[in-house]
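Single-structure report; data block below.
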Amino acid sequence: EPMFVDPPMDMTLPCSPPDVLSTDLSYTNDDMNCLIEGSVMSTIDDQTNECGGQILVVWEYTDDCDRTIQETQVITIEPPSEASFQNLPPDVTINCQDPTPSFMPLDYTNGEMDPCLIEGSIDPVIDDNLELCGGTISATWTFEDACGRSISHTQTVTREPAQEPQFLNPPMDITLSCLEFESFSPTDLMFTNMLSSPCLIEGSVPGNITGDIDECGGVAEVEYEYTDDCDRTIMY
């Protein structure tokens, strides 16, 4: 039975597949008395796509005795290298009055040449959880290439809560006569954090009189208390 002479080895090649042409492969049985020899043309089975794959080069010969020999060379084409995002924006922390950063499309590339180049840009998906008391807003860029490989980057912007308010011009301690105390009514006390909208916290609260006062005098306290939407309490 004949055998193929010096069949080519399997090989692995980078992304760009070569033009594989049909070639002859010699065969012989090395029997000078009943010599069988010659060559056959290969057939090409190209199973590659943009993600690589295999090219099968097949030689097959059947002699007059109906004996078949076959040789297959497997050429493996690697996929293009995976793309990565460029100039990744970092996480940042801003105060309440800072403007929210703009989230721009993010470029990606694998840095190769055609036909192995993967490049483009992608818009982010925004998850906004900002409020007066701070929170976060995140932008997530995700890209999946034709080979099913996915890359992702998330930038998180943390907003600090609005500054806590303070009481304005709190009243000083005073001493009243009995008659003056009977007509005494505490005024409302203003509070503010001195910021502008949407970070402004301001308003006023009434005073609450506590203490033991009778015909012999005593001490009364006017208490002011305010709790903002961030669950922070100020007292005077």
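Residue numbers start at 1 in each chain; chains themselves are named A, B, ... in the order of the structure tokens; ligands are numbered from 1 in the order shown.
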**Asked** Quick one: residues within 12 Å of Cys34 (chain A), only C-alpha atoms counted, chain neighbours fewer than 5 positions away excluded, as a PyMOL selection string?
**Response** chain A and resi 1-2+28-29+64
Output N, CA and C atoms of each residue in that selection to a file, as an mmCIF file, in the first residue's frame.
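Dumped to result33.cif:
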data_model
loop_
_atom_site.group_PDB
_atom_site.id
_atom_site.type_symbol
_atom_site.label_atom_id
_atom_site.label_comp_id
_atom_site.auth_asym_id
_atom_site.auth_seq_id
_atom_site.Cartn_x
_atom_site.Cartn_y
_atom_site.Cartn_z
ATOM 1 N N GLU A 1 0.851 -1.195 0.000
ATOM 2 C CA GLU A 1 0.000 0.000 0.000
ATOM 3 C C GLU A 1 0.887 1.246 0.000
ATOM 4 N N PRO A 2 0.565 2.216 -0.804
ATOM 5 C CA PRO A 2 1.387 3.421 -0.848
ATOM 6 C C PRO A 2 1.165 4.301 0.384
ATOM 7 N N THR A 28 3.908 6.999 -2.628
ATOM 8 C CA THR A 28 4.656 5.863 -3.188
ATOM 9 C C THR A 28 4.583 4.703 -2.201
ATOM 10 N N ASN A 29 4.788 3.482 -2.771
ATOM 11 C CA ASN A 29 4.909 2.311 -1.887
ATOM 12 C C ASN A 29 6.347 1.826 -1.798
ATOM 13 N N ASP A 64 -5.461 0.921 -7.341
ATOM 14 C CA ASP A 64 -6.225 -0.031 -8.160
ATOM 15 C C ASP A 64 -6.722 -1.213 -7.342
#
**Request:** Could you give me, as a list in words, the residues within 6 Å of region 12-24 of chain A, counting only C-alpha atoms and dropping anything in the same chain fewer than 5 positions from it?
**Result:** Ser39, Val40, Met41, Ser42, Ile75, Thr76, Ile77, Glu78, Pro79 and Pro80 of chain A
Once you have the residues from the selection above, write them out as a PDB file, in the first residue's frame, restricted to all heavy atoms.
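Written file, out_37.pdb:
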ATOM      1  N   SER A  39       1.005  11.484  -7.550  1.00  0.00           N
ATOM      2  CA  SER A  39       0.645  12.614  -6.696  1.00  0.00           C
ATOM      3  C   SER A  39      -0.833  12.928  -6.881  1.00  0.00           C
ATOM      4  O   SER A  39      -1.418  12.606  -7.926  1.00  0.00           O
ATOM      5  CB  SER A  39       1.496  13.846  -7.012  1.00  0.00           C
ATOM      6  OG  SER A  39       1.246  14.299  -8.335  1.00  0.00           O
ATOM      7  N   VAL A  40      -1.427  13.532  -5.859  1.00  0.00           N
ATOM      8  CA  VAL A  40      -2.833  13.920  -5.918  1.00  0.00           C
ATOM      9  C   VAL A  40      -2.962  15.376  -5.482  1.00  0.00           C
ATOM     10  O   VAL A  40      -2.146  15.893  -4.705  1.00  0.00           O
ATOM     11  CB  VAL A  40      -3.728  13.025  -5.031  1.00  0.00           C
ATOM     12  CG1 VAL A  40      -3.801  11.614  -5.599  1.00  0.00           C
ATOM     13  CG2 VAL A  40      -3.232  13.010  -3.595  1.00  0.00           C
ATOM     14  N   MET A  41      -3.995  16.022  -5.977  1.00  0.00           N
ATOM     15  CA  MET A  41      -4.277  17.415  -5.637  1.00  0.00           C
ATOM     16  C   MET A  41      -5.141  17.455  -4.370  1.00  0.00           C
ATOM     17  O   MET A  41      -6.025  16.634  -4.177  1.00  0.00           O
ATOM     18  CB  MET A  41      -4.998  18.101  -6.787  1.00  0.00           C
ATOM     19  CG  MET A  41      -5.206  19.590  -6.600  1.00  0.00           C
ATOM     20  SD  MET A  41      -3.686  20.548  -6.758  1.00  0.00           S
ATOM     21  CE  MET A  41      -3.401  20.419  -8.529  1.00  0.00           C
ATOM     22  N   SER A  42      -4.852  18.396  -3.523  1.00  0.00           N
ATOM     23  CA  SER A  42      -5.612  18.531  -2.275  1.00  0.00           C
ATOM     24  C   SER A  42      -6.960  19.172  -2.526  1.00  0.00           C
ATOM     25  O   SER A  42      -7.167  19.873  -3.522  1.00  0.00           O
ATOM     26  CB  SER A  42      -4.829  19.360  -1.261  1.00  0.00           C
ATOM     27  OG  SER A  42      -4.623  20.679  -1.756  1.00  0.00           O
ATOM     28  N   ILE A  75      -4.983  23.631   9.477  1.00  0.00           N
ATOM     29  CA  ILE A  75      -4.428  24.976   9.671  1.00  0.00           C
ATOM     30  C   ILE A  75      -5.396  25.740  10.571  1.00  0.00           C
ATOM     31  O   ILE A  75      -6.528  26.028  10.181  1.00  0.00           O
ATOM     32  CB  ILE A  75      -4.249  25.701   8.325  1.00  0.00           C
ATOM     33  CG1 ILE A  75      -3.346  24.894   7.389  1.00  0.00           C
ATOM     34  CG2 ILE A  75      -3.679  27.102   8.560  1.00  0.00           C
ATOM     35  CD1 ILE A  75      -3.218  25.494   5.996  1.00  0.00           C
ATOM     36  N   THR A  76      -4.973  26.004  11.786  1.00  0.00           N
ATOM     37  CA  THR A  76      -5.810  26.708  12.763  1.00  0.00           C
ATOM     38  C   THR A  76      -5.542  28.207  12.679  1.00  0.00           C
ATOM     39  O   THR A  76      -4.387  28.641  12.774  1.00  0.00           O
ATOM     40  CB  THR A  76      -5.529  26.209  14.189  1.00  0.00           C
ATOM     41  OG1 THR A  76      -5.817  24.797  14.258  1.00  0.00           O
ATOM     42  CG2 THR A  76      -6.403  26.939  15.201  1.00  0.00           C
ATOM     43  N   ILE A  77      -6.605  28.964  12.476  1.00  0.00           N
ATOM     44  CA  ILE A  77      -6.496  30.426  12.405  1.00  0.00           C
ATOM     45  C   ILE A  77      -6.992  31.007  13.726  1.00  0.00           C
ATOM     46  O   ILE A  77      -8.125  30.765  14.129  1.00  0.00           O
ATOM     47  CB  ILE A  77      -7.313  30.988  11.225  1.00  0.00           C
ATOM     48  CG1 ILE A  77      -6.922  30.296   9.914  1.00  0.00           C
ATOM     49  CG2 ILE A  77      -7.128  32.491  11.140  1.00  0.00           C
ATOM     50  CD1 ILE A  77      -5.471  30.453   9.538  1.00  0.00           C
ATOM     51  N   GLU A  78      -6.131  31.721  14.406  1.00  0.00           N
ATOM     52  CA  GLU A  78      -6.505  32.310  15.690  1.00  0.00           C
ATOM     53  C   GLU A  78      -7.483  33.469  15.483  1.00  0.00           C
ATOM     54  O   GLU A  78      -7.434  34.156  14.458  1.00  0.00           O
ATOM     55  CB  GLU A  78      -5.263  32.801  16.431  1.00  0.00           C
ATOM     56  CG  GLU A  78      -4.284  31.694  16.806  1.00  0.00           C
ATOM     57  CD  GLU A  78      -3.049  32.233  17.481  1.00  0.00           C
ATOM     58  OE1 GLU A  78      -2.711  33.413  17.235  1.00  0.00           O
ATOM     59  OE2 GLU A  78      -2.414  31.489  18.244  1.00  0.00           O
ATOM     60  N   PRO A  79      -8.352  33.701  16.464  1.00  0.00           N
ATOM     61  CA  PRO A  79      -9.248  34.863  16.361  1.00  0.00           C
ATOM     62  C   PRO A  79      -8.455  36.147  16.534  1.00  0.00           C
ATOM     63  O   PRO A  79      -7.335  36.141  17.069  1.00  0.00           O
ATOM     64  CB  PRO A  79     -10.229  34.652  17.511  1.00  0.00           C
ATOM     65  CG  PRO A  79      -9.467  33.834  18.507  1.00  0.00           C
ATOM     66  CD  PRO A  79      -8.574  32.937  17.704  1.00  0.00           C
ATOM     67  N   PRO A  80      -9.015  37.276  16.114  1.00  0.00           N
ATOM     68  CA  PRO A  80      -8.335  38.548  16.380  1.00  0.00           C
ATOM     69  C   PRO A  80      -8.249  38.783  17.884  1.00  0.00           C
ATOM     70  O   PRO A  80      -9.062  38.262  18.668  1.00  0.00           O
ATOM     71  CB  PRO A  80      -9.230  39.587  15.696  1.00  0.00           C
ATOM     72  CG  PRO A  80     -10.560  38.928  15.572  1.00  0.00           C
ATOM     73  CD  PRO A  80     -10.294  37.463  15.408  1.00  0.00           C
TER      74      PRO A  80
END
**Prompt:** Which polymer residues have any atom within 7 Å of an atom of Gly120 (chain A), counting only C-alpha atoms, with same-chain residues fewer than 5 positions away left out, as a PyMOL selection string?
**Reply:** chain A and resi 107-109
**Item:** Contacts of Asp10 (chain A) at 10 Å (only C-alpha atoms; same-chain gap of 6+ positions) as a list in words
**Value:**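 Final neighbour list, sorted by chain and number: Leu56, Val57, Thr72, Gln73, Val74, Ile75 and Thr76 of chain A.
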**Distance query Thr140 (chain A) at most 6 Å, only C-alpha atoms, self and fewer than 5 positions along chain excluded, as a VMD selection string** = chain A and resid 124 to 125 153 to 154
**Item:** Spatial neighbours of Asn110 (chain A), 7 Å, only C-alpha atoms, chain gap at least 3 places, as a list in words
**Value:**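 The neighbour list is Ser81, Glu82, Ala83, Ser84, Leu117, Ile118 and Glu119 of chain A.
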Kindly save the residues from that selection, with all heavy atoms included, as a JSON list (two decimals), in the first residue's frame.
[["chain", "number", "residue", "atom", "x", "y", "z"],
["A", 81, "SER", "N", -7.25, 39.53, 18.29],
["A", 81, "SER", "CA", -7.12, 39.82, 19.72],
["A", 81, "SER", "C", -8.33, 40.62, 20.19],
["A", 81, "SER", "O", -8.97, 41.33, 19.43],
["A", 81, "SER", "CB", -5.83, 40.59, 19.99],
["A", 81, "SER", "OG", -5.82, 41.80, 19.28],
["A", 82, "GLU", "N", -8.62, 40.47, 21.47],
["A", 82, "GLU", "CA", -9.80, 41.12, 22.05],
["A", 82, "GLU", "C", -9.59, 42.63, 22.16],
["A", 82, "GLU", "O", -8.49, 43.09, 22.47],
["A", 82, "GLU", "CB", -10.09, 40.53, 23.42],
["A", 82, "GLU", "CG", -11.43, 40.91, 24.01],
["A", 82, "GLU", "CD", -11.75, 40.13, 25.27],
["A", 82, "GLU", "OE1", -10.93, 39.28, 25.67],
["A", 82, "GLU", "OE2", -12.82, 40.36, 25.85],
["A", 83, "ALA", "N", -10.64, 43.38, 21.89],
["A", 83, "ALA", "CA", -10.56, 44.84, 21.99],
["A", 83, "ALA", "C", -10.58, 45.27, 23.46],
["A", 83, "ALA", "O", -11.02, 44.52, 24.35],
["A", 83, "ALA", "CB", -11.72, 45.49, 21.24],
["A", 84, "SER", "N", -10.12, 46.47, 23.71],
["A", 84, "SER", "CA", -10.18, 47.06, 25.06],
["A", 84, "SER", "C", -10.59, 48.52, 24.92],
["A", 84, "SER", "O", -10.36, 49.16, 23.90],
["A", 84, "SER", "CB", -8.84, 46.94, 25.78],
["A", 84, "SER", "OG", -7.82, 47.62, 25.05],
["A", 117, "LEU", "N", -8.87, 44.01, 12.52],
["A", 117, "LEU", "CA", -9.15, 45.18, 13.34],
["A", 117, "LEU", "C", -10.55, 45.12, 13.93],
["A", 117, "LEU", "O", -11.52, 44.82, 13.24],
["A", 117, "LEU", "CB", -9.01, 46.44, 12.50],
["A", 117, "LEU", "CG", -9.34, 47.77, 13.17],
["A", 117, "LEU", "CD1", -8.39, 48.05, 14.33],
["A", 117, "LEU", "CD2", -9.33, 48.91, 12.16],
["A", 118, "ILE", "N", -10.65, 45.38, 15.22],
["A", 118, "ILE", "CA", -11.93, 45.57, 15.91],
["A", 118, "ILE", "C", -11.85, 46.94, 16.58],
["A", 118, "ILE", "O", -11.01, 47.16, 17.46],
["A", 118, "ILE", "CB", -12.18, 44.48, 16.97],
["A", 118, "ILE", "CG1", -12.20, 43.09, 16.35],
["A", 118, "ILE", "CG2", -13.50, 44.74, 17.71],
["A", 118, "ILE", "CD1", -12.32, 41.96, 17.38],
["A", 119, "GLU", "N", -12.71, 47.85, 16.17],
["A", 119, "GLU", "CA", -12.69, 49.18, 16.77],
["A", 119, "GLU", "C", -14.05, 49.83, 16.61],
["A", 119, "GLU", "O", -14.87, 49.41, 15.78],
["A", 119, "GLU", "CB", -11.60, 50.05, 16.16],
["A", 119, "GLU", "CG", -11.85, 50.48, 14.73],
["A", 119, "GLU", "CD", -10.81, 51.46, 14.21],
["A", 119, "GLU", "OE1", -9.85, 51.76, 14.97],
["A", 119, "GLU", "OE2", -10.94, 51.92, 13.07]]
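CA of Ile151 (chain A) lies 14.1 Å from CA of Asn87 (chain A).
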**Message:** Which residues are near Asp128 (chain A)? Cut-off 7 Å, only C-alpha atoms, ignore same chain within fewer than 2 positions. Put them as an MDAnalysis selection string.
**Reply:** chainID A and resid 126 130 136:138
Since we have the selection now, will you write its residues out, keeping N, CA, C and O atoms, as a PDB file, in the first residue's frame?
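Everything below was put into result.pdb:
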ATOM      1  N   ILE A 126     -26.901  54.697  31.636  1.00  0.00           N
ATOM      2  CA  ILE A 126     -26.820  55.524  32.838  1.00  0.00           C
ATOM      3  C   ILE A 126     -27.775  55.005  33.906  1.00  0.00           C
ATOM      4  O   ILE A 126     -28.937  54.717  33.630  1.00  0.00           O
ATOM      5  N   LEU A 130     -29.126  59.900  42.098  1.00  0.00           N
ATOM      6  CA  LEU A 130     -28.780  61.137  42.797  1.00  0.00           C
ATOM      7  C   LEU A 130     -30.015  61.778  43.414  1.00  0.00           C
ATOM      8  O   LEU A 130     -31.112  61.710  42.864  1.00  0.00           O
ATOM      9  N   THR A 136     -25.358  58.271  44.015  1.00  0.00           N
ATOM     10  CA  THR A 136     -24.419  57.987  42.944  1.00  0.00           C
ATOM     11  C   THR A 136     -25.131  58.008  41.600  1.00  0.00           C
ATOM     12  O   THR A 136     -26.347  57.799  41.510  1.00  0.00           O
ATOM     13  N   ILE A 137     -24.349  58.265  40.572  1.00  0.00           N
ATOM     14  CA  ILE A 137     -24.787  58.077  39.200  1.00  0.00           C
ATOM     15  C   ILE A 137     -23.667  57.318  38.503  1.00  0.00           C
ATOM     16  O   ILE A 137     -22.496  57.670  38.636  1.00  0.00           O
ATOM     17  N   SER A 138     -24.024  56.244  37.844  1.00  0.00           N
ATOM     18  CA  SER A 138     -23.004  55.413  37.213  1.00  0.00           C
ATOM     19  C   SER A 138     -23.273  55.307  35.722  1.00  0.00           C
ATOM     20  O   SER A 138     -24.419  55.333  35.261  1.00  0.00           O
TER      21      SER A 138
END
**Request:** Find, counting only C-alpha atoms, the residue in A:Gly203, A:Ile209, A:Cys216, A:Pro89 that gets nearest to Phe184 (chain A).
**Result:** A:Ile209
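Closest to Glu202 (chain A) among A:Ala220, A:Leu168, A:Ala139, A:Cys133 is A:Leu168, based on only C-alpha atoms.
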